[in-house]
Amino acid sequence: QVQLVESGGGLVQPGGSLRLSCAASRSIYSINAMGWYRQAPGKERELVAVMTSGDNTNYAESVKGRFTISRDNARNTVYLRMNSLKPEDTAVYYCNAVYLDRPYWGQGTQVTVSS
């Protein structure tokens with residue numbers, strides 16, 4: 001099993017930046033893929049960014065050029081750097097891990113972009 005704990009959400013003005021962190025309970029070397037999803041009120045959960053164990057990355061079109069996913073293997077942590085935030089980025093952001101073909105989710109962290 002994998003436990004995931006997110007942090008770093010909050011309230012930010014449009015154009016601002018935030019960095020989300022996701023700490024995993026096991027070595028992320030052993031995890032097939034880790035990523036970030038988000039869910040806005042009244043909408044379905046959507047993929048934001050994902051990174052495979054081979055360091056391949058994929059981003060939603062809406063965040064390309066603004067968001068960057070990265071990881072620190074020594075800390076078993078994956079990050080999501082979010083720049084040039086827009087009100088439409090407001091959502092609960094969830095960390096996801098795929099381990100032995102099973103998905104695991106964090107509890108979510110709220111990101112609110114508002115002036």
# chains A, B, ... in the order shown; residues from 1 in each chain; ligands from 1
>>> closest_atom_pairs(of="region 50-84 of chain A", to="region 12-21 of chain A", cutoff="7 Å", atoms="only C-alpha atoms", output="JSON lines")
{"residue": "A:Thr77", "atom": "CA", "partner": "A:Ser21", "partner_atom": "CA", "distance": 6.6}
{"residue": "A:Val78", "atom": "CA", "partner": "A:Ser21", "partner_atom": "CA", "distance": 5.8}
{"residue": "A:Tyr79", "atom": "CA", "partner": "A:Ser21", "partner_atom": "CA", "distance": 4.6}
{"residue": "A:Leu80", "atom": "CA", "partner": "A:Leu20", "partner_atom": "CA", "distance": 5.0}
{"residue": "A:Arg81", "atom": "CA", "partner": "A:Arg19", "partner_atom": "CA", "distance": 4.4}
{"residue": "A:Met82", "atom": "CA", "partner": "A:Leu18", "partner_atom": "CA", "distance": 5.3}
{"residue": "A:Asn83", "atom": "CA", "partner": "A:Ser17", "partner_atom": "CA", "distance": 4.4}
{"residue": "A:Ser84", "atom": "CA", "partner": "A:Gly15", "partner_atom": "CA", "distance": 4.1}
>>> residues_around(residues="Thr52 (chain A)", least_positions_apart="5", cutoff="9 Å", atoms="only C-alpha atoms", output="VMD selection string")
chain A and resid 31 to 35 57 to 58
>>> write_last_selection(atoms="N, CA, C and O atoms", output="tab-separated table (two decimals), in the first residue's frame")
chain	number	residue	atom	x	y	z
A	31	ILE	N	7.20	3.09	-7.37
A	31	ILE	CA	5.86	3.49	-7.81
A	31	ILE	C	5.88	3.73	-9.32
A	31	ILE	O	6.74	4.45	-9.82
A	32	ASN	N	4.91	3.15	-10.03
A	32	ASN	CA	4.91	3.22	-11.49
A	32	ASN	C	4.75	4.65	-12.01
A	32	ASN	O	5.43	5.06	-12.95
A	33	ALA	N	3.84	5.37	-11.38
A	33	ALA	CA	3.57	6.73	-11.82
A	33	ALA	C	2.97	7.51	-10.66
A	33	ALA	O	2.25	6.95	-9.83
A	34	MET	N	3.29	8.78	-10.63
A	34	MET	CA	2.69	9.68	-9.64
A	34	MET	C	2.22	10.93	-10.36
A	34	MET	O	2.86	11.38	-11.32
A	35	GLY	N	1.12	11.46	-9.88
A	35	GLY	CA	0.59	12.63	-10.56
A	35	GLY	C	-0.36	13.43	-9.71
A	35	GLY	O	-0.58	13.13	-8.52
A	57	THR	N	6.73	12.81	-18.58
A	57	THR	CA	5.70	13.65	-18.00
A	57	THR	C	4.60	13.93	-19.01
A	57	THR	O	4.82	13.89	-20.22
A	58	ASN	N	3.43	14.22	-18.47
A	58	ASN	CA	2.29	14.57	-19.32
A	58	ASN	C	1.46	15.60	-18.57
A	58	ASN	O	1.28	15.49	-17.35
>>> atom_distance(atom1="CA of Ser114 (chain A)", atom2="CA of Lys86 (chain A)")
8.0 Å
>>> residues_around(residues="Ala23 (chain A)", least_positions_apart="4", cutoff="9 Å", atoms="only C-alpha atoms", output="mmCIF file with C-alpha atoms, in the first residue's frame")
data_model
loop_
_atom_site.group_PDB
_atom_site.id
_atom_site.type_symbol
_atom_site.label_atom_id
_atom_site.label_comp_id
_atom_site.auth_asym_id
_atom_site.auth_seq_id
_atom_site.Cartn_x
_atom_site.Cartn_y
_atom_site.Cartn_z
ATOM 1 C CA GLN A 3 -0.170 6.522 1.804
ATOM 2 C CA LEU A 4 -0.023 9.978 0.273
ATOM 3 C CA VAL A 5 -0.080 13.271 2.148
ATOM 4 C CA GLU A 6 -0.513 16.538 0.262
ATOM 5 C CA SER A 7 0.366 20.013 1.439
ATOM 6 C CA ARG A 75 12.354 12.654 0.228
ATOM 7 C CA ASN A 76 9.846 10.328 -1.513
ATOM 8 C CA THR A 77 8.021 13.485 -2.521
ATOM 9 C CA VAL A 78 6.430 14.741 -5.713
ATOM 10 C CA TYR A 79 5.821 18.423 -6.314
#
>>> closest_residue(among="A:Ala74, A:Ala49, A:Val111, A:Val92", to="Ser62 (chain A)", atoms="only C-alpha atoms")
A:Ala49
>>> closest_residue(among="A:Arg71, A:Cys22, A:Gly108, A:Gln39", to="Met51 (chain A)", atoms="only C-alpha atoms")
A:Arg71
>>> closest_residue(among="A:Val2, A:Val98, A:Ala40, A:Ile69", to="Asn56 (chain A)", atoms="only C-alpha atoms")
A:Ile69
>>> select_by_dssp(residues="region 32-102 of chain A", states="strand (DSSP E or B)", output="ChimeraX atom specification")
/A:33-39,46-52,57-59,67-72,77-82,91-99,102
>>> closest_residue(among="A:Arg102, A:Thr109, A:Thr90, A:Tyr59", to="Gly9 (chain A)", atoms="only C-alpha atoms")
A:Thr109
>>> residues_around(residues="Cys95 (chain A)", least_positions_apart="2", cutoff="6 Å", atoms="only C-alpha atoms", output="short mmCIF file (atom, residue, chain, number, x, y, z; two decimals) with N, CA and C atoms, in the first residue's frame")
data_model
loop_
_atom_site.label_atom_id
_atom_site.label_comp_id
_atom_site.auth_asym_id
_atom_site.auth_seq_id
_atom_site.Cartn_x
_atom_site.Cartn_y
_atom_site.Cartn_z
N GLY A 35 1.12 11.46 -9.88
CA GLY A 35 0.59 12.63 -10.56
C GLY A 35 -0.36 13.43 -9.71
N TRP A 36 -0.89 14.45 -10.32
CA TRP A 36 -1.84 15.36 -9.68
C TRP A 36 -3.11 15.44 -10.50
N TRP A 105 -4.82 7.47 -3.51
CA TRP A 105 -5.12 8.89 -3.52
C TRP A 105 -4.79 9.52 -2.18
N GLY A 106 -4.37 10.78 -2.24
CA GLY A 106 -4.24 11.56 -1.04
C GLY A 106 -5.59 12.15 -0.65
#
>>> atom_distance(atom1="CA of Tyr93 (chain A)", atom2="CA of Ala24 (chain A)")
15.6 Å
>>> atom_distance(atom1="CA of Tyr37 (chain A)", atom2="CA of Leu85 (chain A)")
15.7 Å
>>> select_by_dssp(residues="chain A", states="helix (DSSP H, G or I)", output="compact mmCIF listing (two decimals) with N, CA, C and O atoms, in the first residue's frame")
# COMPACT_ATOMS: atom_id res chain seq x y z
N ILE A 28 9.52 6.21 -3.86
CA ILE A 28 8.82 6.46 -5.12
C ILE A 28 9.52 5.78 -6.30
O ILE A 28 8.98 5.75 -7.40
N TYR A 29 10.70 5.22 -6.05
CA TYR A 29 11.33 4.41 -7.09
C TYR A 29 10.44 3.22 -7.44
O TYR A 29 10.45 2.74 -8.57
N SER A 30 9.69 2.73 -6.45
CA SER A 30 8.89 1.52 -6.63
C SER A 30 7.50 1.82 -7.20
O SER A 30 6.75 0.89 -7.47
N GLU A 61 -3.69 20.18 -21.23
CA GLU A 61 -3.45 21.32 -22.13
C GLU A 61 -3.62 22.65 -21.39
O GLU A 61 -2.88 23.60 -21.66
N SER A 62 -4.54 22.68 -20.48
CA SER A 62 -4.87 23.94 -19.81
C SER A 62 -3.76 24.43 -18.87
O SER A 62 -3.77 25.59 -18.47
N VAL A 63 -2.80 23.54 -18.54
CA VAL A 63 -1.75 23.94 -17.59
C VAL A 63 -0.36 23.92 -18.22
O VAL A 63 0.61 24.31 -17.57
N ASN A 73 13.54 12.12 -5.03
CA ASN A 73 13.55 10.71 -4.66
C ASN A 73 14.01 10.50 -3.22
O ASN A 73 13.51 9.61 -2.52
N ALA A 74 14.93 11.32 -2.77
CA ALA A 74 15.45 11.15 -1.40
C ALA A 74 14.36 11.43 -0.36
O ALA A 74 14.39 10.86 0.73
N ARG A 75 13.44 12.30 -0.71
CA ARG A 75 12.35 12.65 0.23
C ARG A 75 11.05 11.91 -0.08
O ARG A 75 10.05 12.14 0.61
N PRO A 87 -8.15 32.04 -12.01
CA PRO A 87 -9.32 31.64 -11.21
C PRO A 87 -9.84 30.25 -11.57
O PRO A 87 -10.31 29.52 -10.69
N GLU A 88 -9.72 29.89 -12.84
CA GLU A 88 -10.22 28.57 -13.25
C GLU A 88 -9.34 27.42 -12.77
O GLU A 88 -9.69 26.25 -12.96
N ASP A 89 -8.21 27.72 -12.15
CA ASP A 89 -7.40 26.68 -11.52
C ASP A 89 -7.91 26.32 -10.12
O ASP A 89 -7.40 25.38 -9.50
>>> closest_residue(among="A:Ser25, A:Gln1, A:Ser70, A:Ser53", to="Pro103 (chain A)", atoms="only C-alpha atoms")
A:Gln1
>>> decode(residues="region 6-115 of chain A", atoms="C-alpha atoms", output="CSV table (one decimal), in the first residue's frame")
chain,number,residue,atom,x,y,z
A,6,GLU,CA,-0.5,16.5,0.3
A,7,SER,CA,0.4,20.0,1.4
A,8,GLY,CA,0.9,23.5,0.1
A,9,GLY,CA,-2.6,24.6,-1.0
A,10,GLY,CA,-4.1,27.9,-0.1
A,11,LEU,CA,-5.5,31.2,-1.4
A,12,VAL,CA,-3.5,33.1,-4.0
A,13,GLN,CA,-4.2,36.0,-6.3
A,14,PRO,CA,-4.5,35.6,-10.0
A,15,GLY,CA,-1.0,35.5,-11.6
A,16,GLY,CA,0.5,34.1,-8.4
A,17,SER,CA,2.3,30.9,-7.7
A,18,LEU,CA,2.0,27.9,-5.4
A,19,ARG,CA,3.9,24.7,-4.9
A,20,LEU,CA,2.1,21.6,-3.8
A,21,SER,CA,3.9,18.7,-2.2
A,22,CYS,CA,2.9,15.0,-2.0
A,23,ALA,CA,4.8,12.8,0.4
A,24,ALA,CA,4.6,9.1,-0.2
A,25,SER,CA,4.9,6.4,2.5
A,26,ARG,CA,7.3,4.3,0.4
A,27,SER,CA,10.1,4.8,-2.0
A,28,ILE,CA,8.8,6.5,-5.1
A,29,TYR,CA,11.3,4.4,-7.1
A,30,SER,CA,8.9,1.5,-6.6
A,31,ILE,CA,5.9,3.5,-7.8
A,32,ASN,CA,4.9,3.2,-11.5
A,33,ALA,CA,3.6,6.7,-11.8
A,34,MET,CA,2.7,9.7,-9.6
A,35,GLY,CA,0.6,12.6,-10.6
A,36,TRP,CA,-1.8,15.4,-9.7
A,37,TYR,CA,-5.5,15.6,-10.4
A,38,ARG,CA,-8.0,18.3,-9.5
A,39,GLN,CA,-11.7,18.6,-9.0
A,40,ALA,CA,-13.6,21.8,-9.1
A,41,PRO,CA,-17.1,22.2,-7.7
A,42,GLY,CA,-19.7,20.6,-10.0
A,43,LYS,CA,-17.0,19.1,-12.3
A,44,GLU,CA,-15.4,15.7,-12.7
A,45,ARG,CA,-11.9,15.0,-11.4
A,46,GLU,CA,-9.3,15.7,-14.2
A,47,LEU,CA,-5.7,14.9,-14.7
A,48,VAL,CA,-3.4,17.9,-14.2
A,49,ALA,CA,0.1,16.3,-14.5
A,50,VAL,CA,1.7,12.9,-14.3
A,51,MET,CA,5.2,11.6,-14.1
A,52,THR,CA,6.2,8.0,-14.7
A,53,SER,CA,9.0,6.1,-13.0
A,54,GLY,CA,11.0,6.7,-16.2
A,55,ASP,CA,10.6,10.5,-15.8
A,56,ASN,CA,8.2,10.9,-18.6
A,57,THR,CA,5.7,13.7,-18.0
A,58,ASN,CA,2.3,14.6,-19.3
A,59,TYR,CA,0.2,17.7,-18.7
A,60,ALA,CA,-3.3,18.8,-19.3
A,61,GLU,CA,-3.5,21.3,-22.1
A,62,SER,CA,-4.9,23.9,-19.8
A,63,VAL,CA,-1.8,23.9,-17.6
A,64,LYS,CA,1.1,23.4,-20.1
A,65,GLY,CA,3.7,26.0,-19.8
A,66,ARG,CA,2.4,27.1,-16.3
A,67,PHE,CA,2.7,24.0,-14.2
A,68,THR,CA,5.7,21.7,-13.6
A,69,ILE,CA,5.7,18.3,-11.9
A,70,SER,CA,8.9,17.2,-10.3
A,71,ARG,CA,10.1,14.8,-7.7
A,72,ASP,CA,12.7,14.4,-4.9
A,73,ASN,CA,13.5,10.7,-4.7
A,74,ALA,CA,15.4,11.2,-1.4
A,75,ARG,CA,12.4,12.7,0.2
A,76,ASN,CA,9.8,10.3,-1.5
A,77,THR,CA,8.0,13.5,-2.5
A,78,VAL,CA,6.4,14.7,-5.7
A,79,TYR,CA,5.8,18.4,-6.3
A,80,LEU,CA,3.6,20.5,-8.5
A,81,ARG,CA,4.8,24.0,-9.2
A,82,MET,CA,2.0,26.2,-10.3
A,83,ASN,CA,2.8,29.6,-11.9
A,84,SER,CA,0.5,32.2,-13.5
A,85,LEU,CA,-2.5,30.9,-11.6
A,86,LYS,CA,-5.9,31.7,-12.9
A,87,PRO,CA,-9.3,31.6,-11.2
A,88,GLU,CA,-10.2,28.6,-13.3
A,89,ASP,CA,-7.4,26.7,-11.5
A,90,THR,CA,-9.5,26.8,-8.3
A,91,ALA,CA,-10.1,23.2,-7.2
A,92,VAL,CA,-9.2,20.5,-4.7
A,93,TYR,CA,-5.9,19.0,-5.9
A,94,TYR,CA,-5.3,15.3,-5.3
A,95,CYS,CA,-2.1,13.4,-5.4
A,96,ASN,CA,-2.3,10.0,-7.1
A,97,ALA,CA,0.1,7.1,-7.2
A,98,VAL,CA,-0.1,3.9,-9.2
A,99,TYR,CA,1.6,1.0,-7.4
A,100,LEU,CA,1.3,-2.6,-8.5
A,101,ASP,CA,-1.4,-1.5,-10.9
A,102,ARG,CA,-3.6,0.0,-8.1
A,103,PRO,CA,-4.4,3.6,-7.7
A,104,TYR,CA,-3.9,5.4,-4.4
A,105,TRP,CA,-5.1,8.9,-3.5
A,106,GLY,CA,-4.2,11.6,-1.0
A,107,GLN,CA,-6.8,13.5,1.0
A,108,GLY,CA,-6.7,16.5,-1.3
A,109,THR,CA,-5.6,20.1,-0.8
A,110,GLN,CA,-7.7,23.2,-1.6
A,111,VAL,CA,-6.3,25.7,-4.1
A,112,THR,CA,-8.3,28.9,-4.5
A,113,VAL,CA,-7.3,31.6,-7.0
A,114,SER,CA,-9.1,34.8,-6.3
A,115,SER,CA,-8.5,38.5,-5.9
